[in-house]
$ cat entry_25.txt   # compact mmCIF, C-alpha atoms
# COMPACT_ATOMS: atom_id res chain seq x y z
CA MET A 1 0.00 0.00 0.00
CA LYS A 2 1.18 3.48 -0.85
CA ASP A 3 2.22 5.77 1.95
CA ILE A 4 -0.42 8.38 1.13
CA ALA A 5 -3.22 5.78 1.27
CA LYS A 6 -2.01 4.61 4.69
CA LYS A 7 -2.01 8.17 5.94
CA VAL A 8 -5.50 8.79 4.58
CA LEU A 9 -6.75 5.74 6.46
CA SER A 10 -5.18 7.09 9.65
CA GLY A 11 -7.06 10.38 9.16
CA ASP A 12 -4.04 12.56 8.31
CA SER A 13 -5.37 15.91 7.00
CA ARG A 14 -2.51 16.65 4.64
CA ALA A 15 -2.66 13.23 3.03
CA ILE A 16 -6.44 13.52 2.65
CA ALA A 17 -6.05 16.96 1.07
CA ARG A 18 -3.30 15.84 -1.29
CA LEU A 19 -5.09 12.71 -2.48
CA ILE A 20 -8.19 14.82 -3.18
CA THR A 21 -6.06 17.15 -5.32
CA LEU A 22 -4.59 14.25 -7.27
CA ALA A 23 -8.07 12.80 -7.89
CA GLU A 24 -9.41 16.20 -8.95
CA ASN A 25 -6.57 16.65 -11.41
CA ASN A 26 -7.11 13.18 -12.87
CA ASP A 27 -3.53 12.41 -11.92
CA PRO A 28 -2.89 8.73 -12.71
CA SER A 29 -0.91 8.42 -9.48
CA ALA A 30 -4.22 8.70 -7.56
CA ASN A 31 -5.50 5.42 -8.99
CA ASP A 32 -3.40 3.08 -6.82
CA SER A 33 -4.32 4.91 -3.65
CA MET A 34 -8.01 4.94 -4.57
CA LYS A 35 -7.72 1.18 -5.08
CA ASP A 36 -6.09 0.75 -1.67
CA ILE A 37 -8.68 2.75 0.25
CA HIS A 38 -11.78 1.34 -1.43
CA PRO A 39 -12.12 -1.70 0.90
CA HIS A 40 -12.25 0.75 3.82
CA THR A 41 -15.20 2.74 2.48
CA GLY A 42 -18.95 2.43 2.87
CA LYS A 43 -19.25 3.24 6.55
CA ALA A 44 -20.03 6.97 6.42
CA HIS A 45 -23.59 8.18 6.02
CA VAL A 46 -23.60 10.52 3.03
CA ILE A 47 -25.95 13.49 3.21
CA GLY A 48 -26.60 15.53 0.07
CA ILE A 49 -27.78 19.11 0.43
CA THR A 50 -29.21 20.92 -2.55
CA GLY A 51 -31.29 24.02 -3.19
CA VAL A 52 -31.27 27.34 -5.02
CA MET A 53 -28.42 29.76 -4.45
CA GLY A 54 -28.84 31.77 -1.30
CA SER A 55 -31.23 29.24 0.26
CA GLY A 56 -28.91 28.75 3.23
CA LYS A 57 -27.21 25.45 2.39
CA SER A 58 -23.81 26.38 3.84
CA THR A 59 -25.32 27.87 6.99
CA LEU A 60 -27.45 24.77 7.51
CA ILE A 61 -24.38 22.55 7.07
CA TYR A 62 -22.56 24.60 9.69
CA GLU A 63 -25.40 24.09 12.20
CA LEU A 64 -25.79 20.38 11.36
CA THR A 65 -22.07 19.84 11.80
CA ARG A 66 -22.02 21.60 15.16
CA LEU A 67 -24.71 19.23 16.42
CA TYR A 68 -23.03 16.15 14.99
CA ARG A 69 -19.85 17.19 16.75
CA LYS A 70 -21.74 17.48 20.05
CA GLN A 71 -22.85 13.89 19.49
CA GLY A 72 -19.18 12.99 19.06
CA LYS A 73 -19.44 12.26 15.33
CA THR A 74 -16.73 13.33 12.90
CA VAL A 75 -17.78 15.15 9.74
CA GLY A 76 -16.38 15.60 6.23
CA ILE A 77 -17.83 18.42 4.15
CA ILE A 78 -17.57 18.81 0.38
CA ALA A 79 -18.72 22.25 -0.76
CA ILE A 80 -19.14 22.65 -4.51
CA ASP A 81 -19.33 25.96 -6.37
CA PRO A 82 -19.50 26.57 -10.12
CA THR A 83 -16.44 26.72 -12.37
CA SER A 84 -16.50 29.51 -14.95
CA PRO A 85 -17.26 28.16 -18.43
CA PHE A 86 -15.11 30.99 -19.80
CA SER A 87 -11.93 31.07 -17.73
CA GLY A 88 -12.04 27.66 -16.04
CA GLY A 89 -11.53 29.46 -12.73
CA ALA A 90 -13.85 29.43 -9.74
CA LEU A 91 -14.59 31.40 -6.62
CA LEU A 92 -15.17 28.92 -3.83
CA GLY A 93 -16.83 30.80 -0.99
CA ASP A 94 -18.80 28.29 1.05
CA ARG A 95 -16.23 28.21 3.85
CA VAL A 96 -17.20 31.76 4.81
CA ARG A 97 -20.32 30.38 6.53
CA MET A 98 -18.41 27.53 8.17
CA MET A 99 -15.42 29.47 9.47
CA GLU A 100 -15.88 28.38 13.09
CA LEU A 101 -15.41 24.73 12.11
CA THR A 102 -11.90 25.31 10.74
CA MET A 103 -9.98 24.51 13.91
CA ASP A 104 -12.07 21.46 14.86
CA GLU A 105 -9.95 18.36 14.30
CA GLY A 106 -13.07 16.27 13.81
CA VAL A 107 -14.13 18.26 10.75
CA PHE A 108 -12.54 18.33 7.30
CA ILE A 109 -13.87 20.80 4.74
CA ARG A 110 -12.98 20.80 1.06
CA SER A 111 -14.17 23.28 -1.55
CA MET A 112 -14.48 22.10 -5.14
CA GLY A 113 -15.22 23.70 -8.50
CA THR A 114 -17.59 21.85 -10.85
CA ARG A 115 -14.88 21.77 -13.55
CA GLY A 116 -17.30 21.29 -16.41
CA MET A 117 -19.91 19.04 -14.79
CA LEU A 118 -23.50 20.19 -15.20
CA GLY A 119 -25.56 18.16 -12.74
CA GLY A 120 -24.73 20.25 -9.66
CA LEU A 121 -21.69 18.17 -8.65
CA ALA A 122 -17.97 18.09 -9.45
CA SER A 123 -16.58 15.25 -11.51
CA ALA A 124 -14.23 14.03 -8.78
CA VAL A 125 -16.87 14.15 -6.03
CA TYR A 126 -17.22 10.36 -5.97
CA ASP A 127 -13.52 10.02 -5.22
CA VAL A 128 -13.68 12.71 -2.57
CA VAL A 129 -16.59 11.00 -0.80
CA GLU A 130 -14.58 7.75 -0.79
CA ILE A 131 -11.50 9.50 0.57
CA LEU A 132 -13.38 11.20 3.44
CA ASP A 133 -15.28 7.99 4.17
CA ALA A 134 -12.06 5.95 4.27
CA SER A 135 -10.42 8.55 6.51
CA GLY A 136 -12.96 7.62 9.17
CA LYS A 137 -15.52 10.42 8.98
CA ASP A 138 -18.87 9.25 10.40
CA VAL A 139 -20.87 11.67 8.28
CA VAL A 140 -20.00 13.09 4.87
CA ILE A 141 -22.03 16.10 3.73
CA VAL A 142 -22.05 17.10 0.06
CA GLU A 143 -23.26 20.59 -0.78
CA THR A 144 -24.21 21.02 -4.44
CA VAL A 145 -23.88 24.25 -6.36
CA GLY A 146 -26.89 26.53 -6.09
CA VAL A 147 -29.31 24.67 -8.35
CA GLY A 148 -32.11 25.60 -10.70
CA GLN A 149 -34.66 22.97 -11.62
CA ALA A 150 -32.79 20.14 -13.23
CA GLU A 151 -29.51 19.52 -11.37
CA VAL A 152 -30.36 16.22 -9.72
CA ASP A 153 -27.07 14.28 -9.75
CA ILE A 154 -26.81 14.53 -5.96
CA ILE A 155 -29.15 11.52 -5.62
CA LYS A 156 -26.51 9.38 -7.29
CA ILE A 157 -24.13 9.93 -4.40
CA ALA A 158 -26.16 10.75 -1.28
CA ASP A 159 -27.80 8.25 1.05
CA THR A 160 -30.09 11.01 2.28
CA THR A 161 -30.88 13.97 0.04
CA LEU A 162 -32.16 17.20 1.57
CA VAL A 163 -33.84 19.70 -0.75
CA ILE A 164 -33.77 23.19 0.75
CA ILE A 165 -36.56 25.54 -0.24
CA VAL A 166 -37.18 29.10 0.86
CA PRO A 167 -40.49 30.99 0.96
CA GLY A 168 -41.49 33.19 -1.94
CA LEU A 169 -39.99 31.48 -4.98
CA GLY A 170 -43.14 30.85 -7.00
CA ASP A 171 -46.60 29.35 -6.91
CA SER A 172 -47.78 25.79 -6.35
CA ILE A 173 -47.18 24.76 -9.95
CA GLN A 174 -43.41 25.13 -9.37
CA THR A 175 -43.50 22.42 -6.73
CA LEU A 176 -45.22 20.06 -9.15
CA LYS A 177 -42.57 20.31 -11.83
CA ALA A 178 -40.18 17.45 -12.52
CA GLY A 179 -36.55 17.65 -11.41
CA VAL A 180 -35.18 18.97 -8.15
CA MET A 181 -38.56 18.92 -6.38
CA GLU A 182 -38.79 15.15 -6.92
CA ILE A 183 -35.52 14.08 -5.39
CA ALA A 184 -35.92 14.91 -1.70
CA ASP A 185 -35.72 12.33 1.05
CA ILE A 186 -36.43 15.26 3.38
CA TYR A 187 -37.75 18.70 2.44
CA VAL A 188 -36.36 21.61 4.43
CA VAL A 189 -38.16 24.94 4.31
CA ASN A 190 -35.40 27.27 5.45
CA LYS A 191 -35.62 30.96 6.38
CA ALA A 192 -38.88 30.08 8.11
CA ASP A 193 -38.97 33.52 9.72
CA ARG A 194 -39.81 35.00 6.33
CA ALA A 195 -43.26 36.00 5.13
CA GLY A 196 -45.06 33.33 3.13
CA VAL A 197 -43.62 30.33 4.97
CA GLU A 198 -47.05 28.82 5.77
CA GLN A 199 -47.98 28.86 2.10
CA THR A 200 -44.67 27.30 1.05
CA VAL A 201 -45.03 24.52 3.63
CA ALA A 202 -48.65 23.94 2.56
CA GLU A 203 -47.61 23.65 -1.08
CA VAL A 204 -44.91 21.12 -0.31
CA GLU A 205 -47.37 19.22 1.90
CA SER A 206 -49.84 18.93 -0.93
CA LEU A 207 -47.01 17.78 -3.21
CA VAL A 208 -46.06 15.08 -0.71
CA ASP A 209 -49.73 14.04 -0.40
CA ILE A 210 -49.92 13.51 -4.14
CA THR A 211 -46.55 11.82 -4.66
CA CYS A 212 -46.34 9.70 -1.52
CA SER A 213 -49.91 8.41 -1.28
CA GLU A 214 -48.91 4.91 -2.36
CA LYS A 215 -45.53 4.81 -0.64
CA GLU A 216 -44.54 3.27 2.64
CA ARG A 217 -42.59 6.36 3.66
CA LYS A 218 -44.00 9.84 3.47
CA THR A 219 -41.30 12.46 2.77
CA PRO A 220 -41.04 14.66 5.87
CA ILE A 221 -41.12 18.46 5.65
CA LEU A 222 -39.21 20.51 8.20
CA SER A 223 -39.04 24.22 8.81
CA THR A 224 -35.72 25.69 9.86
CA ILE A 225 -34.13 29.05 10.53
CA ALA A 226 -30.55 27.94 9.92
CA LYS A 227 -28.89 31.19 10.93
CA HIS A 228 -30.33 30.77 14.45
CA GLY A 229 -29.96 27.00 14.51
CA GLU A 230 -33.73 26.56 14.82
CA GLY A 231 -35.17 23.25 13.66
CA VAL A 232 -31.75 21.69 13.15
CA LYS A 233 -32.10 19.23 16.03
CA GLU A 234 -35.35 17.97 14.53
CA LEU A 235 -33.66 17.73 11.14
CA ILE A 236 -30.93 15.49 12.53
CA ILE A 237 -33.58 13.19 13.99
CA GLU A 238 -35.30 12.96 10.58
CA ILE A 239 -31.96 12.17 8.90
CA GLU A 240 -31.45 9.37 11.46
CA ASN A 241 -34.96 8.09 10.82
CA HIS A 242 -34.28 8.02 7.10
CA GLU A 243 -31.02 6.15 7.64
CA LYS A 244 -32.88 3.55 9.74
CA TYR A 245 -35.58 3.28 7.09
CA LEU A 246 -32.97 2.71 4.35
CA LYS A 247 -31.28 -0.02 6.34
CA LYS A 248 -34.57 -1.71 7.24
CA THR A 249 -35.64 -1.87 3.60
CA LYS A 250 -33.70 -2.89 0.53
CA GLU A 251 -33.32 0.76 -0.44
CA PHE A 252 -29.91 1.18 1.15
CA GLU A 253 -28.33 -1.41 -1.16
CA THR A 254 -30.19 0.09 -4.10
CA LYS A 255 -28.84 3.56 -3.33
CA ARG A 256 -25.28 2.38 -2.86
CA ARG A 257 -25.46 0.38 -6.08
CA LEU A 258 -26.71 3.49 -7.88
CA ARG A 259 -23.71 5.39 -6.55
CA TYR A 260 -21.19 2.83 -7.76
CA GLU A 261 -22.90 2.67 -11.13
CA ALA A 262 -22.74 6.47 -11.46
CA GLU A 263 -19.11 6.48 -10.32
CA LEU A 264 -18.15 3.81 -12.84
CA ILE A 265 -19.90 5.67 -15.65
CA GLU A 266 -18.17 8.90 -14.63
CA ILE A 267 -14.71 7.30 -14.59
CA ILE A 268 -15.25 5.76 -18.01
CA ARG A 269 -16.72 8.99 -19.40
CA LYS A 270 -13.78 11.01 -18.13
CA ARG A 271 -11.15 8.64 -19.46
CA LEU A 272 -12.87 8.25 -22.80
CA MET A 273 -13.26 12.00 -23.22
CA ASN A 274 -9.63 12.60 -22.31
CA PHE A 275 -8.63 9.91 -24.77
CA ILE A 276 -10.59 11.46 -27.63
CA PHE A 277 -10.04 15.13 -26.95
CA ASP A 278 -6.54 15.21 -25.44
CA GLU A 279 -4.54 12.38 -26.96
CA GLU A 280 -2.33 13.44 -29.87
CA GLN A 281 -3.63 10.79 -32.26
CA PHE A 282 -7.20 12.15 -32.08
CA LYS A 283 -6.80 15.81 -31.25
CA ASP A 284 -6.09 17.02 -34.78
CA LYS A 285 -8.72 14.78 -36.30
CA VAL A 286 -11.36 16.12 -33.89
CA GLU A 287 -10.39 19.73 -34.67
CA LEU A 288 -10.58 19.01 -38.38
CA LEU A 289 -14.03 17.46 -38.04
CA ILE A 290 -15.30 20.47 -36.07
CA ASP A 291 -14.05 22.75 -38.88
CA GLN A 292 -15.82 20.57 -41.40
CA ILE A 293 -19.07 20.69 -39.44
CA SER A 294 -18.84 24.50 -39.32
CA LYS A 295 -18.41 24.58 -43.09
CA LYS A 296 -21.35 22.18 -43.57
CA GLN A 297 -19.05 19.64 -45.20
CA ILE A 298 -20.15 16.98 -42.71
CA ASP A 299 -22.95 16.73 -40.13
CA PRO A 300 -22.29 16.22 -36.37
CA HIS A 301 -23.74 12.69 -36.29
CA SER A 302 -21.52 11.46 -39.12
CA ALA A 303 -18.51 13.14 -37.50
CA ALA A 304 -19.22 11.36 -34.21
CA GLU A 305 -19.61 8.09 -36.11
CA GLU A 306 -16.20 8.61 -37.68
CA ILE A 307 -14.49 9.20 -34.32
CA LEU A 308 -16.22 6.29 -32.61
CA SER A 309 -15.45 3.89 -35.44
CA LYS A 310 -11.74 4.64 -34.91
CA ILE A 311 -11.94 3.82 -31.21
CA LEU A 312 -14.14 0.79 -31.50
CA LYS A 313 -12.12 -1.07 -34.06
CA MET B 314 -4.01 15.72 -16.14
CA GLU B 315 -5.80 18.99 -15.49
CA LYS B 316 -3.86 20.85 -12.86
CA LYS B 317 -5.39 24.11 -11.66
CA ILE B 318 -3.70 26.69 -9.46
CA ARG B 319 -5.56 26.87 -6.14
CA VAL B 320 -5.27 30.08 -4.16
CA LEU B 321 -6.45 30.85 -0.64
CA VAL B 322 -7.39 34.51 -0.26
CA ALA B 323 -7.51 35.30 3.44
CA LYS B 324 -8.07 38.32 5.64
CA PRO B 325 -6.22 37.77 8.93
CA GLY B 326 -6.88 39.88 11.99
CA LEU B 327 -9.53 42.39 12.87
CA ASP B 328 -9.48 44.48 9.70
CA GLY B 329 -12.96 44.51 8.12
CA HIS B 330 -12.15 45.92 4.69
CA ASP B 331 -12.36 43.18 2.11
CA ARG B 332 -13.08 45.04 -1.12
CA GLY B 333 -9.48 44.73 -2.30
CA ALA B 334 -9.35 41.03 -1.43
CA LYS B 335 -12.57 40.42 -3.35
CA ILE B 336 -11.32 42.28 -6.43
CA VAL B 337 -8.11 40.24 -6.43
CA ALA B 338 -10.09 37.01 -5.83
CA ARG B 339 -12.25 37.76 -8.84
CA ALA B 340 -9.27 38.62 -11.06
CA LEU B 341 -7.58 35.34 -10.15
CA ARG B 342 -10.82 33.48 -10.90
CA ASP B 343 -10.91 35.12 -14.32
CA ALA B 344 -7.31 34.03 -14.84
CA GLY B 345 -8.49 30.41 -14.51
CA MET B 346 -7.51 29.79 -10.89
CA GLU B 347 -9.62 28.21 -8.16
CA VAL B 348 -9.89 30.79 -5.40
CA ILE B 349 -10.95 29.82 -1.91
CA TYR B 350 -12.29 32.82 -0.06
CA THR B 351 -12.68 32.44 3.69
CA GLY B 352 -14.06 35.76 4.87
CA LEU B 353 -12.89 38.14 7.57
CA HIS B 354 -11.22 37.84 10.95
CA GLN B 355 -9.04 34.78 10.44
CA THR B 356 -6.36 33.81 12.93
CA ALA B 357 -3.01 32.61 11.60
CA GLU B 358 -3.94 29.09 12.73
CA MET B 359 -7.19 29.20 10.75
CA VAL B 360 -5.43 30.44 7.61
CA VAL B 361 -2.87 27.64 7.77
CA GLU B 362 -5.42 24.91 8.59
CA THR B 363 -7.55 26.05 5.66
CA ALA B 364 -4.48 26.02 3.41
CA ILE B 365 -3.83 22.41 4.47
CA GLN B 366 -7.40 21.15 3.93
CA GLU B 367 -7.79 22.93 0.61
CA ASP B 368 -4.27 21.89 -0.49
CA VAL B 369 -3.63 25.29 -2.03
CA ASP B 370 -0.61 26.30 -4.09
CA VAL B 371 -0.78 29.92 -2.97
CA VAL B 372 -1.76 31.72 0.23
CA GLY B 373 -2.69 35.36 -0.45
CA LEU B 374 -3.05 37.60 2.60
CA SER B 375 -4.77 40.97 2.61
CA LEU B 376 -4.48 43.50 5.39
CA LEU B 377 -5.15 47.21 5.61
CA SER B 378 -4.90 47.72 9.35
CA GLY B 379 -1.13 48.06 9.64
CA ALA B 380 -0.69 44.81 11.57
CA HIS B 381 1.03 43.03 8.67
CA MET B 382 4.39 42.78 10.42
CA THR B 383 2.68 40.68 13.09
CA LEU B 384 -0.02 38.82 11.21
CA PHE B 385 1.67 38.13 7.86
CA VAL B 386 4.76 36.99 9.70
CA ASP B 387 2.70 34.75 12.05
CA VAL B 388 1.11 33.04 9.05
CA ALA B 389 4.43 32.65 7.22
CA ARG B 390 6.16 31.17 10.28
CA LEU B 391 3.32 28.76 10.95
CA ILE B 392 3.35 27.63 7.31
CA LYS B 393 7.07 26.96 7.67
CA LYS B 394 6.61 25.19 10.98
CA LYS B 395 3.96 22.89 9.51
CA GLY B 396 6.33 22.06 6.66
CA LEU B 397 4.17 23.37 3.83
CA ASP B 398 7.26 24.02 1.75
CA ASP B 399 5.50 24.04 -1.58
CA VAL B 400 3.10 26.88 -0.74
CA LEU B 401 3.78 30.31 -2.23
CA ILE B 402 2.92 33.16 0.17
CA ILE B 403 1.96 36.60 -1.10
CA GLY B 404 0.48 39.63 0.64
CA GLY B 405 -1.16 42.91 -0.17
CA GLY B 406 -2.56 46.02 1.45
CA ILE B 407 -1.19 49.25 2.78
CA ILE B 408 2.39 48.23 3.41
CA PRO B 409 5.18 50.79 3.84
CA GLU B 410 8.20 50.45 1.55
CA GLU B 411 10.61 49.73 4.45
CA ASP B 412 8.58 46.69 5.57
CA ILE B 413 8.67 44.94 2.21
CA SER B 414 12.20 43.56 2.44
CA LYS B 415 11.54 42.35 5.99
CA LEU B 416 8.44 40.53 4.77
CA HIS B 417 10.44 38.97 1.93
CA LYS B 418 12.93 37.68 4.49
CA GLU B 419 10.09 36.06 6.45
CA GLY B 420 9.01 34.16 3.35
CA ILE B 421 6.29 36.39 1.94
CA ALA B 422 7.57 36.15 -1.61
CA GLY B 423 5.41 38.81 -3.22
CA VAL B 424 4.16 42.03 -1.61
CA PHE B 425 1.71 44.20 -3.53
CA GLY B 426 0.68 47.70 -2.53
CA PRO B 427 -2.29 49.86 -3.51
CA GLY B 428 -2.65 50.47 -7.24
CA THR B 429 -0.95 47.21 -8.27
CA PRO B 430 -2.59 46.01 -11.52
CA CYS B 431 -4.18 42.58 -10.99
CA GLU B 432 -2.21 41.32 -14.01
CA ASP B 433 1.02 41.80 -12.04
CA ILE B 434 -0.28 39.53 -9.26
CA ILE B 435 -1.47 36.90 -11.76
CA LYS B 436 1.89 36.96 -13.54
CA PHE B 437 3.77 36.71 -10.25
CA ILE B 438 1.72 33.69 -9.17
CA LYS B 439 2.10 31.89 -12.50
CA GLU B 440 5.86 32.44 -12.53
CA ASN B 441 6.50 31.55 -8.90
CA VAL B 442 4.05 28.80 -8.04
CA LYS B 443 6.05 25.89 -6.64
CA ARG B 444 4.23 22.86 -8.03

$ encode --input "entry_25.txt" --output "structure tokens"
Amino acid sequence: MKDIAKKVLSGDSRAIARLITLAENNDPSANDSMKDIHPHTGKAHVIGITGVMGSGKSTLIYELTRLYRKQGKTVGIIAIDPTSPFSGGALLGDRVRMMELTMDEGVFIRSMGTRGMLGGLASAVYDVVEILDASGKDVVIVETVGVGQAEVDIIKIADTTLVIIVPGLGDSIQTLKAGVMEIADIYVVNKADRAGVEQTVAEVESLVDITCSEKERKTPILSTIAKHGEGVKELIIEIENHEKYLKKTKEFETKRRLRYEAELIEIIRKRLMNFIFDEEQFKDKVELLIDQISKKQIDPHSAAEEILSKILK
Amino acid sequence: MEKKIRVLVAKPGLDGHDRGAKIVARALRDAGMEVIYTGLHQTAEMVVETAIQEDVDVVGLSLLSGAHMTLFVDVARLIKKKGLDDVLIIGGGIIPEEDISKLHKEGIAGVFGPGTPCEDIIKFIKENVKR
């Protein structure tokens, strides 16, 4: 086993941080360590937190983490913010709301840019969850970017997904739309001191009545005021209840299988894309085909066919 | 491999003016770097712990209160003590000319005063980043 993998397993912060960097950069030297730590993963409960920007995700994570720490649990936090499609840079600012956790040895926070992923996550997030899990964190919290309606990839990685809503973002038809509003294991109506909170809760309740009428478990709805820590204790109890429910039913295995499937697809996608778009043998050909498409000399489907036929032979 | 330069932009101490830090953070973002912004009132210990967890290549400190000879130096010494040898340290703010060479000696490799074009900082980082 590589030294860095051993150190990750012992909970060493610098080793954890470095292995995350290697995984994020698609550095081939990360592969061996990821292989070594995999047998030690699967113990952490993974909580996904998603919601529109400004809904209070980071603040809620701060309060949740404080309570988990009081219970003696260690916490890993992955905070994702968008990467610029123009410069490739990112401003990662979620730590601002979690500043007080910095010096707590039982908490490890990592900020990530999406680096081209569109589903609300970062491409390397699967690796980072495994690393924090293997390092012995009891709970791993993944904060998505501020989402719109369709960024639902968080369900592929989280055991428990929290969808954070705030009052005043639209009428009841918004809650009925497909996408983000469908993926919650727990709904959290945050900023519950704002006007319109009763209506928002009522709308989500009617949504749950419609969607959960046939199901064994009815999705709970909680009101919180994260900045004052209100409702967070109740939220932790609901997360525990959900964890128990998952383990009692077959759903836990189903969720974990879904995660590994998504992770496998992501690894293959990444390597295949790098192979086609970065390797010397294809790079020029791809550029040439794009030129030809622009000039209407070939259509995109035929161009894709041409590239794939070269790989598949 | 897709290496990106990661920069921690931190405001140590009690100084509450972060406009400059935010402008620099944004310029670095637009130069393709990943900028971790931590907010105000950081202790040296917090800056260094954040640098460790985020595995940054650069620590950028901003201070307008005049306490740079204490706070910048505290951060630089702690970085050294923790053995983060591959981290580039830079600083900016209202820093008198005579302090600059002392800060260099303490390991703050780049010191940028008011009016520095952001391009200068970007260029300095790209040329001096250690890994």

$ closest_residue --input "entry_25.txt" --among "A:Ile141, A:Ile47, A:Met1, A:Met99" --to "Tyr350 (chain B)" --atoms "only C-alpha atoms"
A:Met99

$ residues_around --input "entry_25.txt" --residues "Arg271 (chain A)" --least-positions-apart "5" --cutoff "9 Å" --atoms "only C-alpha atoms" --output "list in words"
Asn26, Glu266 and Ile276 of chain A

$ closest_atom_pairs --input "entry_25.txt" --of "chain B" --to "chain A" --cutoff "9 Å" --atoms "all atoms listed in the file" --output "tab-separated table"
residue	atom	partner	partner_atom	distance
B:Met314	CA	A:Asn26	CA	5.2
B:Glu315	CA	A:Asn25	CA	4.8
B:Lys316	CA	A:Asn25	CA	5.2
B:Lys317	CA	A:Asn25	CA	7.6
B:Ile318	CA	A:Gly89	CA	8.9
B:Ala338	CA	A:Leu91	CA	7.2
B:Arg339	CA	A:Leu91	CA	7.1
B:Leu341	CA	A:Gly89	CA	7.5
B:Arg342	CA	A:Gly89	CA	4.5
B:Asp343	CA	A:Ser87	CA	5.4
B:Ala344	CA	A:Ser87	CA	6.2
B:Gly345	CA	A:Gly89	CA	3.6
B:Met346	CA	A:Gly89	CA	4.4
B:Glu347	CA	A:Ala90	CA	4.7
B:Val348	CA	A:Leu91	CA	4.9
B:Ile349	CA	A:Leu92	CA	4.7
B:Tyr350	CA	A:Gly93	CA	5.1
B:Thr351	CA	A:Val96	CA	4.7
B:Gly352	CA	A:Val96	CA	5.1
B:Leu353	CA	A:Val96	CA	8.2
B:Gln355	CA	A:Met99	CA	8.4
B:Glu358	CA	A:Met103	CA	7.7
B:Met359	CA	A:Thr102	CA	6.1
B:Val360	CA	A:Thr102	CA	8.8
B:Glu362	CA	A:Thr102	CA	6.8
B:Thr363	CA	A:Thr102	CA	6.7
B:Ile365	CA	A:Arg14	CA	5.9
B:Gln366	CA	A:Ala17	CA	5.2
B:Glu367	CA	A:Arg110	CA	5.6
B:Asp368	CA	A:Ala17	CA	5.5

$ residues_around --input "entry_25.txt" --residues "Asn241 (chain A)" --least-positions-apart "6" --cutoff "12 Å" --atoms "all atoms listed in the file" --output "mmCIF file with C-alpha atoms, keeping the file's coordinate frame"
data_model
loop_
_atom_site.group_PDB
_atom_site.id
_atom_site.type_symbol
_atom_site.label_atom_id
_atom_site.label_comp_id
_atom_site.auth_asym_id
_atom_site.auth_seq_id
_atom_site.Cartn_x
_atom_site.Cartn_y
_atom_site.Cartn_z
ATOM 1 C CA THR A 160 -30.090 11.010 2.280
ATOM 2 C CA ASP A 185 -35.720 12.330 1.050
ATOM 3 C CA ILE A 186 -36.430 15.260 3.380
ATOM 4 C CA ARG A 217 -42.590 6.360 3.660
ATOM 5 C CA LYS A 218 -44.000 9.840 3.470
ATOM 6 C CA THR A 219 -41.300 12.460 2.770
ATOM 7 C CA PRO A 220 -41.040 14.660 5.870
ATOM 8 C CA GLU A 234 -35.350 17.970 14.530
ATOM 9 C CA LEU A 235 -33.660 17.730 11.140
ATOM 10 C CA LYS A 247 -31.280 -0.020 6.340
ATOM 11 C CA LYS A 248 -34.570 -1.710 7.240
#

$ atom_distance --input "entry_25.txt" --atom1 "CA of Gly106 (chain A)" --atom2 "CA of Val75 (chain A)"
6.3 Å
